[in-house]
Structure formats: structure tokens, C-alpha cells
$ cat final_14.txt   # compact mmCIF, C-alpha atoms
# COMPACT_ATOMS: atom_id res chain seq x y z
CA MET A 1 1.35 178.78 -160.77
CA LEU A 2 4.12 177.76 -163.11
CA ILE A 3 2.46 174.36 -163.61
CA ARG A 4 -0.71 176.17 -164.78
CA TYR A 5 1.20 177.45 -167.81
CA GLY A 6 2.84 174.17 -168.74
CA VAL A 7 6.12 174.74 -166.83
CA SER A 8 6.69 171.95 -164.31
CA THR A 9 9.14 173.01 -161.61
CA GLY A 10 8.88 170.06 -159.24
CA PHE A 11 8.45 172.50 -156.32
CA THR A 12 5.40 172.92 -154.11
CA SER A 13 6.05 176.30 -152.52
CA LEU A 14 7.95 179.52 -153.05
CA GLY A 15 10.19 178.71 -150.07
CA SER A 16 11.24 175.35 -151.49
CA VAL A 17 11.85 176.96 -154.87
CA LYS A 18 14.31 179.36 -153.27
CA ASN A 19 16.07 176.63 -151.31
CA CYS A 20 16.62 174.43 -154.35
CA MET A 21 17.86 177.38 -156.38
CA LEU A 22 20.66 177.88 -153.89
CA ALA A 23 21.88 174.36 -154.68
CA SER A 24 22.44 175.04 -158.34
CA SER A 25 23.21 178.37 -160.04
CA ALA A 26 22.26 176.91 -163.43
CA VAL A 27 18.83 175.95 -162.11
CA PHE A 28 18.55 179.38 -160.50
CA ARG A 29 19.18 181.17 -163.80
CA ARG A 30 16.72 178.96 -165.66
CA GLN A 31 14.00 179.41 -163.05
CA GLN A 32 14.51 183.17 -163.00
CA PHE A 33 14.17 183.30 -166.78
CA LEU A 34 10.93 181.30 -166.69
CA ILE A 35 9.54 183.38 -163.86
CA ARG A 36 10.37 186.65 -165.66
CA SER A 37 8.76 185.33 -168.85
CA LEU A 38 5.57 184.49 -166.97
CA GLY A 39 5.38 187.84 -165.24
CA GLY A 40 6.83 187.03 -161.80
CA TYR A 41 5.35 184.96 -158.97
CA SER A 42 1.89 186.48 -159.29
CA ASP A 43 -1.02 184.19 -160.20
CA HIS A 44 -2.31 186.90 -162.52
CA ILE A 45 -0.72 187.41 -165.91
CA ASP A 46 -2.37 190.11 -167.98
CA SER A 47 -3.29 189.43 -171.58
CA ARG A 48 -0.74 191.91 -172.94
CA ARG A 49 2.12 190.13 -171.16
CA MET A 50 0.94 186.74 -172.47
CA GLN A 51 0.76 188.22 -175.97
CA ASP A 52 4.37 189.41 -175.65
CA ILE A 53 5.45 185.94 -174.49
CA ARG A 54 3.71 184.29 -177.43
CA SER A 55 5.27 186.85 -179.77
CA MET A 56 8.74 185.90 -178.52
CA SER A 57 8.01 182.29 -179.44
CA GLY A 58 6.94 183.37 -182.93
CA THR A 59 3.31 182.20 -182.74
CA THR A 60 1.31 185.41 -183.01
CA PHE A 61 3.24 187.57 -185.43
CA GLU A 62 4.23 185.06 -188.09
CA ALA A 63 3.43 186.58 -191.48
CA ASP A 64 1.11 184.87 -193.94
CA ALA A 65 3.90 185.04 -196.50
CA GLU A 66 2.33 182.98 -199.26
CA ASN A 67 -0.83 185.06 -199.21
CA VAL A 68 1.27 188.24 -199.30
CA MET A 69 3.08 186.94 -202.39
CA ARG A 70 -0.21 186.11 -204.10
CA GLU A 71 -1.57 189.57 -203.37
CA ILE A 72 1.36 191.66 -204.58
CA THR A 73 2.96 189.62 -207.39
CA SER A 74 2.61 191.38 -210.71
CA VAL A 75 0.21 189.68 -213.12
CA LEU A 76 1.61 188.67 -216.50
CA ASP A 77 -0.63 190.69 -218.80
CA PRO A 78 -0.05 190.82 -222.58
CA SER A 79 -1.34 194.39 -222.63
CA LYS A 80 1.55 195.63 -220.49
CA HIS A 81 4.72 197.08 -222.00
CA LYS A 82 8.38 196.70 -221.08
CA GLY A 83 9.17 198.19 -217.71
CA GLN A 84 5.74 197.96 -216.10
CA ALA A 85 6.73 194.85 -214.13
CA GLY A 86 9.58 196.70 -212.48
CA LYS A 87 12.81 198.58 -213.16
CA ILE A 88 15.47 197.94 -210.53
CA ALA A 89 18.91 199.53 -210.12
CA VAL A 90 21.77 198.15 -208.04
CA ILE A 91 24.37 200.63 -206.78
CA GLY A 92 27.45 198.53 -206.10
CA GLY A 93 30.35 196.62 -207.56
CA CYS A 94 34.01 197.57 -207.24
CA ARG A 95 37.40 196.14 -208.15
CA GLU A 96 37.28 193.47 -205.39
CA TYR A 97 33.58 192.60 -205.46
CA THR A 98 31.72 191.84 -208.67
CA GLY A 99 29.56 188.86 -207.72
CA ALA A 100 27.28 190.57 -205.20
CA PRO A 101 25.78 193.22 -207.53
CA TYR A 102 25.30 190.56 -210.18
CA PHE A 103 23.43 188.28 -207.74
CA ALA A 104 21.12 191.12 -206.66
CA ALA A 105 20.42 192.35 -210.18
CA ILE A 106 19.91 188.95 -211.82
CA SER A 107 17.65 187.83 -208.96
CA ALA A 108 15.38 190.77 -209.66
CA LEU A 109 15.07 189.62 -213.28
CA LYS A 110 14.53 185.97 -212.37
CA ILE A 111 11.63 186.93 -210.10
CA GLY A 112 9.95 188.97 -212.79
CA ALA A 113 11.30 192.52 -213.03
CA ASP A 114 11.55 193.72 -216.62
CA LEU A 115 14.81 195.67 -216.39
CA SER A 116 17.78 195.49 -214.05
CA HIS A 117 20.61 198.03 -213.98
CA VAL A 118 23.97 197.99 -212.21
CA PHE A 119 25.89 201.20 -211.45
CA CYS A 120 29.44 200.16 -210.61
CA THR A 121 33.08 201.22 -210.90
CA LYS A 122 34.85 201.18 -214.24
CA ASP A 123 37.04 198.26 -213.18
CA ALA A 124 34.07 196.13 -212.17
CA ALA A 125 31.91 196.79 -215.22
CA PRO A 126 33.57 194.45 -217.79
CA VAL A 127 33.46 191.58 -215.30
CA ILE A 128 29.79 192.10 -214.41
CA LYS A 129 28.90 192.48 -218.08
CA SER A 130 30.56 189.15 -218.79
CA TYR A 131 28.31 187.35 -216.29
CA SER A 132 25.14 188.09 -218.24
CA PRO A 133 23.97 190.10 -221.27
CA GLU A 134 20.62 190.62 -219.49
CA LEU A 135 21.94 193.36 -217.20
CA ILE A 136 22.34 197.01 -218.12
CA VAL A 137 25.72 197.96 -216.66
CA HIS A 138 26.83 201.57 -216.11
CA PRO A 139 30.62 201.92 -215.48
CA ILE A 140 30.49 205.34 -213.86
CA LEU A 141 31.57 205.08 -210.20
CA GLU A 142 35.14 205.91 -209.15
CA GLU A 143 37.40 204.80 -206.32
CA SER A 144 40.09 206.84 -204.59
CA TYR A 145 43.03 205.09 -206.24
CA ASN A 146 41.85 206.29 -209.67
CA ILE A 147 41.80 209.95 -208.64
CA SER A 148 44.63 210.02 -206.08
CA GLY A 149 46.61 212.70 -207.90
CA LEU A 150 43.74 215.13 -208.44
CA GLU A 151 43.00 218.38 -206.64
CA ASP A 152 39.88 218.78 -204.53
CA GLU A 153 38.13 220.82 -207.20
CA GLU A 154 38.73 218.11 -209.81
CA ARG A 155 37.40 215.47 -207.43
CA ARG A 156 34.23 217.51 -206.87
CA CYS A 157 33.83 217.86 -210.62
CA ILE A 158 34.01 214.08 -211.08
CA SER A 159 31.48 213.58 -208.28
CA SER A 160 29.10 216.00 -209.98
CA LYS A 161 29.40 214.14 -213.27
CA ILE A 162 28.70 210.79 -211.58
CA LEU A 163 25.63 212.20 -209.85
CA ALA A 164 24.37 213.78 -213.07
CA GLU A 165 24.70 210.45 -214.89
CA VAL A 166 22.71 208.61 -212.23
CA ASP A 167 20.12 211.39 -212.10
CA LYS A 168 19.37 210.89 -215.80
CA TRP A 169 17.95 207.49 -214.88
CA MET A 170 16.66 208.02 -211.37
CA GLU A 171 13.01 208.77 -212.03
CA ARG A 172 12.72 205.69 -214.23
CA PHE A 173 13.54 203.34 -211.37
CA ASP A 174 10.99 201.68 -209.13
CA CYS A 175 13.61 200.83 -206.51
CA LEU A 176 17.33 201.16 -205.76
CA VAL A 177 19.43 198.47 -204.11
CA VAL A 178 22.43 200.10 -202.44
CA GLY A 179 25.42 198.19 -201.13
CA PRO A 180 26.04 194.79 -202.78
CA GLY A 181 29.77 194.68 -203.57
CA LEU A 182 30.09 198.39 -202.88
CA GLY A 183 33.27 198.24 -200.80
CA ARG A 184 34.33 200.88 -198.31
CA ASP A 185 36.40 203.27 -200.36
CA PRO A 186 35.85 206.77 -198.87
CA TYR A 187 35.43 208.59 -202.16
CA LEU A 188 33.05 205.96 -203.53
CA LEU A 189 30.94 206.05 -200.36
CA GLU A 190 30.79 209.84 -200.55
CA CYS A 191 29.39 209.63 -204.07
CA VAL A 192 26.86 206.96 -203.09
CA SER A 193 25.71 209.14 -200.19
CA GLU A 194 24.79 211.85 -202.68
CA ILE A 195 23.00 209.31 -204.89
CA MET A 196 20.90 208.23 -201.91
CA LYS A 197 19.99 211.84 -201.13
CA HIS A 198 18.80 212.33 -204.70
CA ALA A 199 16.81 209.08 -204.54
CA ARG A 200 15.01 210.43 -201.48
CA GLN A 201 14.23 213.67 -203.30
CA SER A 202 12.73 211.62 -206.15
CA ASN A 203 10.76 209.44 -203.70
CA VAL A 204 12.44 206.26 -204.96
CA PRO A 205 12.51 203.34 -202.49
CA ILE A 206 15.96 202.21 -201.34
CA VAL A 207 16.90 198.72 -200.16
CA ILE A 208 20.20 198.85 -198.28
CA ASP A 209 22.46 195.85 -197.76
CA GLY A 210 26.13 194.93 -197.36
CA ASP A 211 28.50 197.88 -197.37
CA GLY A 212 25.51 200.17 -197.80
CA LEU A 213 24.70 199.30 -194.18
CA PHE A 214 28.23 200.25 -193.18
CA LEU A 215 27.63 203.63 -194.82
CA VAL A 216 24.23 204.13 -193.18
CA THR A 217 25.38 203.03 -189.72
CA ASN A 218 27.98 205.78 -189.83
CA SER A 219 25.55 208.31 -191.29
CA ILE A 220 22.04 207.54 -190.04
CA ALA A 221 20.74 210.82 -191.45
CA LEU A 222 20.86 209.29 -194.94
CA VAL A 223 17.77 207.20 -194.14
CA SER A 224 16.37 208.80 -190.99
CA GLY A 225 12.71 209.69 -191.44
CA TYR A 226 12.52 208.10 -194.91
CA PRO A 227 9.67 205.54 -194.89
CA LEU A 228 10.72 204.09 -198.26
CA ALA A 229 14.07 202.90 -196.91
CA VAL A 230 14.61 199.21 -196.12
CA LEU A 231 17.62 197.97 -194.17
CA THR A 232 18.54 194.27 -194.35
CA PRO A 233 21.21 193.66 -191.68
CA ASN A 234 22.73 190.31 -190.75
CA VAL A 235 23.51 189.53 -187.12
CA ASN A 236 26.70 191.60 -186.90
CA GLU A 237 25.36 194.51 -188.94
CA TYR A 238 22.28 194.55 -186.71
CA LYS A 239 24.37 194.65 -183.54
CA ARG A 240 26.26 197.67 -184.86
CA LEU A 241 23.01 199.45 -185.75
CA VAL A 242 21.51 198.82 -182.31
CA GLN A 243 24.67 200.04 -180.57
CA LYS A 244 24.82 203.14 -182.76
CA VAL A 245 21.15 204.14 -182.60
CA LEU A 246 19.87 202.77 -179.29
CA ASN A 247 23.19 202.70 -177.44
CA CYS A 248 22.52 199.23 -176.05
CA GLU A 249 23.32 195.59 -176.70
CA VAL A 250 21.12 193.16 -178.63
CA ASN A 251 18.75 191.20 -176.40
CA ASP A 252 17.40 188.11 -178.18
CA ARG A 253 14.71 187.62 -175.53
CA ASP A 254 13.00 190.87 -176.55
CA ALA A 255 13.91 190.70 -180.24
CA PRO A 256 10.62 191.95 -181.77
CA GLU A 257 10.33 194.85 -179.33
CA LEU A 258 13.96 195.87 -179.83
CA LEU A 259 13.62 195.75 -183.60
CA GLN A 260 10.45 197.82 -183.48
CA SER A 261 12.15 200.39 -181.26
CA LEU A 262 15.11 200.58 -183.61
CA ALA A 263 12.95 201.12 -186.70
CA LYS A 264 10.91 203.77 -184.91
CA GLN A 265 13.99 205.56 -183.59
CA ILE A 266 15.46 205.83 -187.10
CA GLY A 267 12.22 207.45 -188.18
CA GLY A 268 9.96 204.78 -189.62
CA VAL A 269 12.37 202.93 -191.89
CA THR A 270 11.67 199.24 -192.40
CA ILE A 271 14.24 196.78 -191.08
CA LEU A 272 14.53 193.14 -192.10
CA GLN A 273 16.69 191.48 -189.46
CA LYS A 274 18.12 188.33 -191.03
CA GLY A 275 18.40 185.22 -188.89
CA LYS A 276 17.00 181.77 -188.19
CA SER A 277 13.67 183.54 -188.48
CA ASP A 278 13.67 186.84 -190.34
CA LEU A 279 12.12 189.63 -188.25
CA ILE A 280 10.59 192.64 -190.00
CA SER A 281 9.39 195.95 -188.57
CA ASP A 282 8.60 199.47 -189.75
CA GLY A 283 8.36 200.78 -186.20
CA GLU A 284 4.60 200.19 -186.03
CA ILE A 285 4.30 196.42 -186.37
CA ALA A 286 6.62 193.43 -186.21
CA LYS A 287 6.34 190.36 -188.42
CA SER A 288 8.30 187.13 -188.67
CA VAL A 289 9.09 184.80 -191.58
CA SER A 290 10.10 181.40 -190.27
CA ILE A 291 9.73 179.21 -193.36
CA TYR A 292 12.55 176.70 -193.34
CA GLY A 293 15.18 177.41 -195.97
CA SER A 294 18.51 175.62 -196.08
CA PRO A 295 21.33 174.77 -193.67
CA ARG A 296 23.78 175.74 -196.41
CA ARG A 297 25.11 179.24 -195.73
CA CYS A 298 26.99 180.01 -198.93
CA GLY A 299 27.81 183.67 -199.49
CA GLY A 300 25.56 185.73 -201.71
CA GLN A 301 22.14 184.82 -200.30
CA GLY A 302 21.80 188.30 -198.80
CA ASP A 303 22.28 189.73 -202.29
CA ILE A 304 19.46 187.56 -203.60
CA LEU A 305 17.32 188.84 -200.75
CA SER A 306 18.01 192.51 -201.48
CA GLY A 307 17.13 192.07 -205.16
CA SER A 308 14.00 190.12 -204.24
CA VAL A 309 12.78 192.68 -201.71
CA ALA A 310 13.31 195.45 -204.28
CA VAL A 311 11.03 193.72 -206.80
CA PHE A 312 8.28 192.82 -204.34
CA LEU A 313 8.39 196.29 -202.77
CA SER A 314 7.92 197.80 -206.24
CA TRP A 315 4.99 195.52 -206.95
CA ALA A 316 3.40 196.26 -203.58
CA ARG A 317 3.63 200.01 -204.21
CA ALA A 318 2.15 199.56 -207.69
CA LYS A 319 -0.79 197.63 -206.24
CA GLY A 320 -1.37 200.39 -203.69
CA LYS A 321 -4.80 200.11 -202.09
CA ALA A 322 -5.69 197.17 -204.34
CA THR A 323 -4.31 194.81 -201.67
CA THR A 324 -6.50 193.70 -198.79
CA SER A 325 -3.58 194.07 -196.41
CA GLN A 326 -3.23 197.35 -194.55
CA MET A 327 0.51 196.84 -194.12
CA ASN A 328 3.20 199.18 -195.35
CA PRO A 329 4.39 198.20 -198.90
CA THR A 330 7.96 198.03 -197.58
CA VAL A 331 6.90 195.44 -195.00
CA LEU A 332 4.99 193.46 -197.64
CA GLY A 333 8.06 193.52 -199.89
CA CYS A 334 10.26 192.23 -197.07
CA ILE A 335 7.87 189.42 -196.18
CA ALA A 336 7.60 188.24 -199.78
CA GLY A 337 11.32 188.56 -200.49
CA SER A 338 12.28 186.68 -197.35
CA ALA A 339 9.81 183.86 -197.97
CA LEU A 340 10.77 183.41 -201.61
CA LEU A 341 14.50 183.22 -200.84
CA ARG A 342 13.84 180.60 -198.17
CA LYS A 343 11.69 178.50 -200.48
CA ALA A 344 14.24 178.72 -203.30
CA ALA A 345 17.09 177.82 -200.94
CA SER A 346 15.15 174.79 -199.71
CA LEU A 347 14.46 173.66 -203.27
CA ALA A 348 18.09 174.09 -204.31
CA PHE A 349 19.35 172.22 -201.25
CA LYS A 350 17.14 169.23 -201.97
CA ASP A 351 19.01 168.79 -205.23
CA LYS A 352 22.55 170.00 -204.49
CA LYS A 353 22.94 169.34 -200.74
CA ARG A 354 26.41 170.46 -199.52
CA SER A 355 27.41 171.73 -202.95
CA THR A 356 24.55 174.26 -203.11
CA LEU A 357 25.75 177.63 -204.40
CA THR A 358 24.07 181.00 -204.69
CA THR A 359 23.66 180.48 -208.43
CA ASP A 360 21.71 177.27 -207.71
CA ILE A 361 19.33 179.19 -205.45
CA ILE A 362 18.86 181.89 -208.08
CA GLU A 363 17.84 179.25 -210.61
CA CYS A 364 15.11 178.10 -208.20
CA LEU A 365 13.56 181.55 -207.67
CA GLY A 366 11.20 181.39 -210.64
CA ARG A 367 10.00 177.87 -209.89
CA SER A 368 9.45 178.71 -206.21
CA LEU A 369 7.34 181.75 -207.09
CA GLU A 370 5.47 179.79 -209.76
CA ASP A 371 4.43 177.18 -207.16
CA ILE A 372 2.64 179.92 -205.23
CA CYS A 373 1.62 182.34 -208.01
CA PRO A 374 1.14 180.39 -211.27
CA ALA A 375 1.68 182.54 -214.35
CA CYS A 376 -1.41 181.13 -216.00

$ encode --input "final_14.txt" --output "C-alpha cells"
Amino acid sequence: MLIRYGVSTGFTSLGSVKNCMLASSAVFRRQQFLIRSLGGYSDHIDSRRMQDIRSMSGTTFEADAENVMREITSVLDPSKHKGQAGKIAVIGGCREYTGAPYFAAISALKIGADLSHVFCTKDAAPVIKSYSPELIVHPILEESYNISGLEDEERRCISSKILAEVDKWMERFDCLVVGPGLGRDPYLLECVSEIMKHARQSNVPIVIDGDGLFLVTNSIALVSGYPLAVLTPNVNEYKRLVQKVLNCEVNDRDAPELLQSLAKQIGGVTILQKGKSDLISDGEIAKSVSIYGSPRRCGGQGDILSGSVAVFLSWARAKGKATTSQMNPTVLGCIAGSALLRKAASLAFKDKKRSTLTTDIIECLGRSLEDICPAC
């Protein structure tokens, strides 16, 4: 039976299979894995099981990423005014981390968003401003060390002022990116939690990365049941999410099914699980983006991804039913953002090789998108 499906065992009967397995535990484990994958020793393998096996190998759920990008990318139209191609806000940036929010915000602009804001701490603002005059930087967030001598009532007053300042802008934004360079200061995270609650009330999509995932993992209610939330965990962040929500360990063999279960359990959020192939699910479907990117793993590529997903998600929502795809706009945004980052990373690596930096990848974003969606 195994030979029928392209797996040559070298055995002629079930009895001989068992005898040879006793001779080698390594062979035993391998044979058991193959047998499980093919549905046991039965000659009949139902079509659903074969579909699951093909899905695990990435052949049936690979997204048509280039077509998705063509469908949702905003058209450059001279009749449009400033802001119609997207207004993105990054919530992040503290005394230690200033590069991450810059990477996310500038990537959004390089892809084609019209305006990109950064809400950061007062210490981080001058540094982020110095990176580029293109960003609108709001130095309003506070960390605990700046308010250590204040009473609880004074702290609550400062929190209210921060929230009021962000609220003045909230309804103008097409998407928030929460987490790049945020840090884990308790007071800062408390303020950002309130910002996320207000974003939900305003129906603003939220892409969550970096320390934003640390916040969400410890307070799932912030995103639970919110279909406009996108989580972008790396391998370790994903493990923590699975342990927290599903109370189990990550099983790579059933990766799509596990991801889909996780997204559904959190209440229909969309999760982009970063890896060799990026897996994406909103709890209803699972898609993969396996375009080859770059072997260079310089820090900051996740920040590019979060900014990219924010822009494409905004464009997908703006297109609405104008797209032929029936997929959730958050899923479409993840597919496009993942594919574009991979293409830009590949292009940058061809030129820079080992010396490729995140800034080199950012400079390739526009050209990579242009190759697929020419401006004219």
C-alpha cells in the first residue's frame, strides 16, 4: 500500500515490516510517521485525509499572492487627495528601541500609504524624527521611570491625557500597528491597552507585532472576538500564544490545523505565523506564502512586515466587494504583505549578500511592488 503512494518501504508484508522495525528504532519512528500520514495500514485513504496530507506539504493552500497584490493595491489616480491611499499609525518606540517603529512606519510610506504616524515616548521622539522628516511623530507616551514619584491619581490623569491625544486622531487612521519598539514597561503597556480598546470601539484594524504580542498574550481579551485584529508572531511568540490559548505544545506536523484552531479560539482574529513559509488563518481558512526571500535574518524584517500588512489590509478594506476574492480583507492584507517582504528581501540580498540590512530591504519595497503592479 505504501508503494502505491510513492513511499517505497522495501517490505512485502505487514509481518516483515514489524520485524525490521524492531531492528532499528530510527526506522521504526520514520515508518510510523509515514504510516500515520497515509492514514494507517488500510488500503483506503479518504479524500479528506489526502487533502490534509497535501496541505501539510504546502501544495493545496498556497496563496496566489501576486494576484492578491494586483487586486488590492491602490491605483495611483490624479483625482485622489492626500490620505486616500492610506493613513497608518504605529504605536511604539521607547527609550531603548527607536528603530523598530521607524522601520514599520517608513515601510508603509514606501509601499504607497500617504501618511504615516508614530506615537512614541518623549525620549524616543527626537531620535525617530531624526531618521526621516516624512514621519509624523507624536511624543506623548510615558514610561514608569518618568512618573515614579507621582500618586495614583496623578498617574491616572496622565493616562487620560495620553488617551485623549490619541483619540483626536483615531478615526482618521485606516490601521494601527501596535508593538514595534514598544518595550515592556508596565505603565506604558497599560496605556497602550486602553488605546487598543478605543481602536476597537472605532472599528480601526490593528496589526500587532513585537512587544504588542507580549501584551496580548498576557491579556487575550484585548483582541478576542475582534475580526479586524492581526497577530504576526515569530516562532517563539507563536509557541507562547499556543500554550496560553490552547494549553498545548506546537506540533509542526499539523501546523495549518493548529493555526486555524488558535485563530478560531481567540474569536476570529487573523494570525500570520512567520516562518520558512508564512502561514495565515482567520479561523475559517488557512493560506501559505512560500515565496523564497533571503537567508539573511537581520533584525527589523518583522517591522517591515507589520507596516506592509497594515497598508495592504487598508487597501483591501477600501476595495471591499470590488475584489473577486471572497477572503477576509485581513487575510488578503497578510498574504500581500508577506509576499512583498519576501520579494524585497530577495532583491536586496542579490545585491548586498551577507551585508544586507533592513534598510536595504525597505529600499526594495517599491521596486518589488512595481514589478507586480506597475504604476502606469

$ residues_around --input "final_14.txt" --residues "Ala221 of chain A" --least-positions-apart "5" --cutoff "10 Å" --atoms "all atoms listed in the file" --output "list of chain:residue names"
A:Lys197, A:Val216, A:Tyr226, A:Ile266, A:Gly267

$ residues_around --input "final_14.txt" --residues "Lys244 of chain A" --least-positions-apart "3" --cutoff "9 Å" --atoms "all atoms listed in the file" --output "list in words"
Thr217, Asn218, Ile220, Lys239, Arg240, Leu241, Asn247 and Cys248 of chain A

$ residues_around --input "final_14.txt" --residues "segment 127-140 of chain A" --least-positions-apart "2" --cutoff "9 Å" --atoms "all atoms listed in the file" --output "number ranges by chain"
A: 93, 98-99, 101-102, 105-106, 109, 115-125, 142, 161-162, 165-166

$ write_last_selection --input "final_14.txt" --atoms "C-alpha atoms" --output "PDB file, in the coordinates of the input"
ATOM      1  CA  GLY A  93      30.350 196.620-207.560  1.00  0.00           C
ATOM      2  CA  THR A  98      31.720 191.840-208.670  1.00  0.00           C
ATOM      3  CA  GLY A  99      29.560 188.860-207.720  1.00  0.00           C
ATOM      4  CA  PRO A 101      25.780 193.220-207.530  1.00  0.00           C
ATOM      5  CA  TYR A 102      25.300 190.560-210.180  1.00  0.00           C
ATOM      6  CA  ALA A 105      20.420 192.350-210.180  1.00  0.00           C
ATOM      7  CA  ILE A 106      19.910 188.950-211.820  1.00  0.00           C
ATOM      8  CA  LEU A 109      15.070 189.620-213.280  1.00  0.00           C
ATOM      9  CA  LEU A 115      14.810 195.670-216.390  1.00  0.00           C
ATOM     10  CA  SER A 116      17.780 195.490-214.050  1.00  0.00           C
ATOM     11  CA  HIS A 117      20.610 198.030-213.980  1.00  0.00           C
ATOM     12  CA  VAL A 118      23.970 197.990-212.210  1.00  0.00           C
ATOM     13  CA  PHE A 119      25.890 201.200-211.450  1.00  0.00           C
ATOM     14  CA  CYS A 120      29.440 200.160-210.610  1.00  0.00           C
ATOM     15  CA  THR A 121      33.080 201.220-210.900  1.00  0.00           C
ATOM     16  CA  LYS A 122      34.850 201.180-214.240  1.00  0.00           C
ATOM     17  CA  ASP A 123      37.040 198.260-213.180  1.00  0.00           C
ATOM     18  CA  ALA A 124      34.070 196.130-212.170  1.00  0.00           C
ATOM     19  CA  ALA A 125      31.910 196.790-215.220  1.00  0.00           C
ATOM     20  CA  GLU A 142      35.140 205.910-209.150  1.00  0.00           C
ATOM     21  CA  LYS A 161      29.400 214.140-213.270  1.00  0.00           C
ATOM     22  CA  ILE A 162      28.700 210.790-211.580  1.00  0.00           C
ATOM     23  CA  GLU A 165      24.700 210.450-214.890  1.00  0.00           C
ATOM     24  CA  VAL A 166      22.710 208.610-212.230  1.00  0.00           C
TER      25      VAL A 166
END

$ atom_distance --input "final_14.txt" --atom1 "atom CA of Lys110 of chain A" --atom2 "atom CA of Glu370 of chain A"
11.3 Å

$ closest_residue --input "final_14.txt" --among "A:Ser79, A:Asn67, A:Ser144, A:Ser314" --to "Cys94 of chain A" --atoms "all atoms listed in the file"
A:Ser144

$ atom_distance --input "final_14.txt" --atom1 "atom CA of Gln273 of chain A" --atom2 "atom CA of Asn234 of chain A"
6.3 Å

$ residues_around --input "final_14.txt" --residues "Ala104 of chain A" --least-positions-apart "2" --cutoff "12 Å" --atoms "only C-alpha atoms" --output "MDAnalysis selection string"
chainID A and resid 88:93 98:102 106:111 113 116:118 128 135 176:181 207:210 300:311 337 341 358:359 362

$ residues_near_point --input "final_14.txt" --point "(17.3, 195.8, -190.1)" --cutoff "12 Å" --atoms "all atoms listed in the file" --output "ChimeraX atom specification"
/A:207-210,213,216-217,229-242,245,255-256,258-264,266,268-275,278-283,286,306,331,334

$ residues_around --input "final_14.txt" --residues "Met196 of chain A" --least-positions-apart "3" --cutoff "8 Å" --atoms "all atoms listed in the file" --output "list in words"
Val192, Ser193, Ala199, Arg200, Ile206 and Leu222 of chain A

$ residues_near_point --input "final_14.txt" --point "(15.9, 175.9, -200.7)" --cutoff "10 Å" --atoms "all atoms listed in the file" --output "ChimeraX atom specification"
/A:292-296,340-353,356,360-362,364-365,368

$ closest_residue --input "final_14.txt" --among "A:Pro126, A:Gly183, A:Pro205, A:Gly149" --to "Lys87 of chain A" --atoms "only C-alpha atoms"
A:Pro205

$ atom_distance --input "final_14.txt" --atom1 "atom CA of Tyr187 of chain A" --atom2 "atom CA of Asp167 of chain A"
18.5 Å
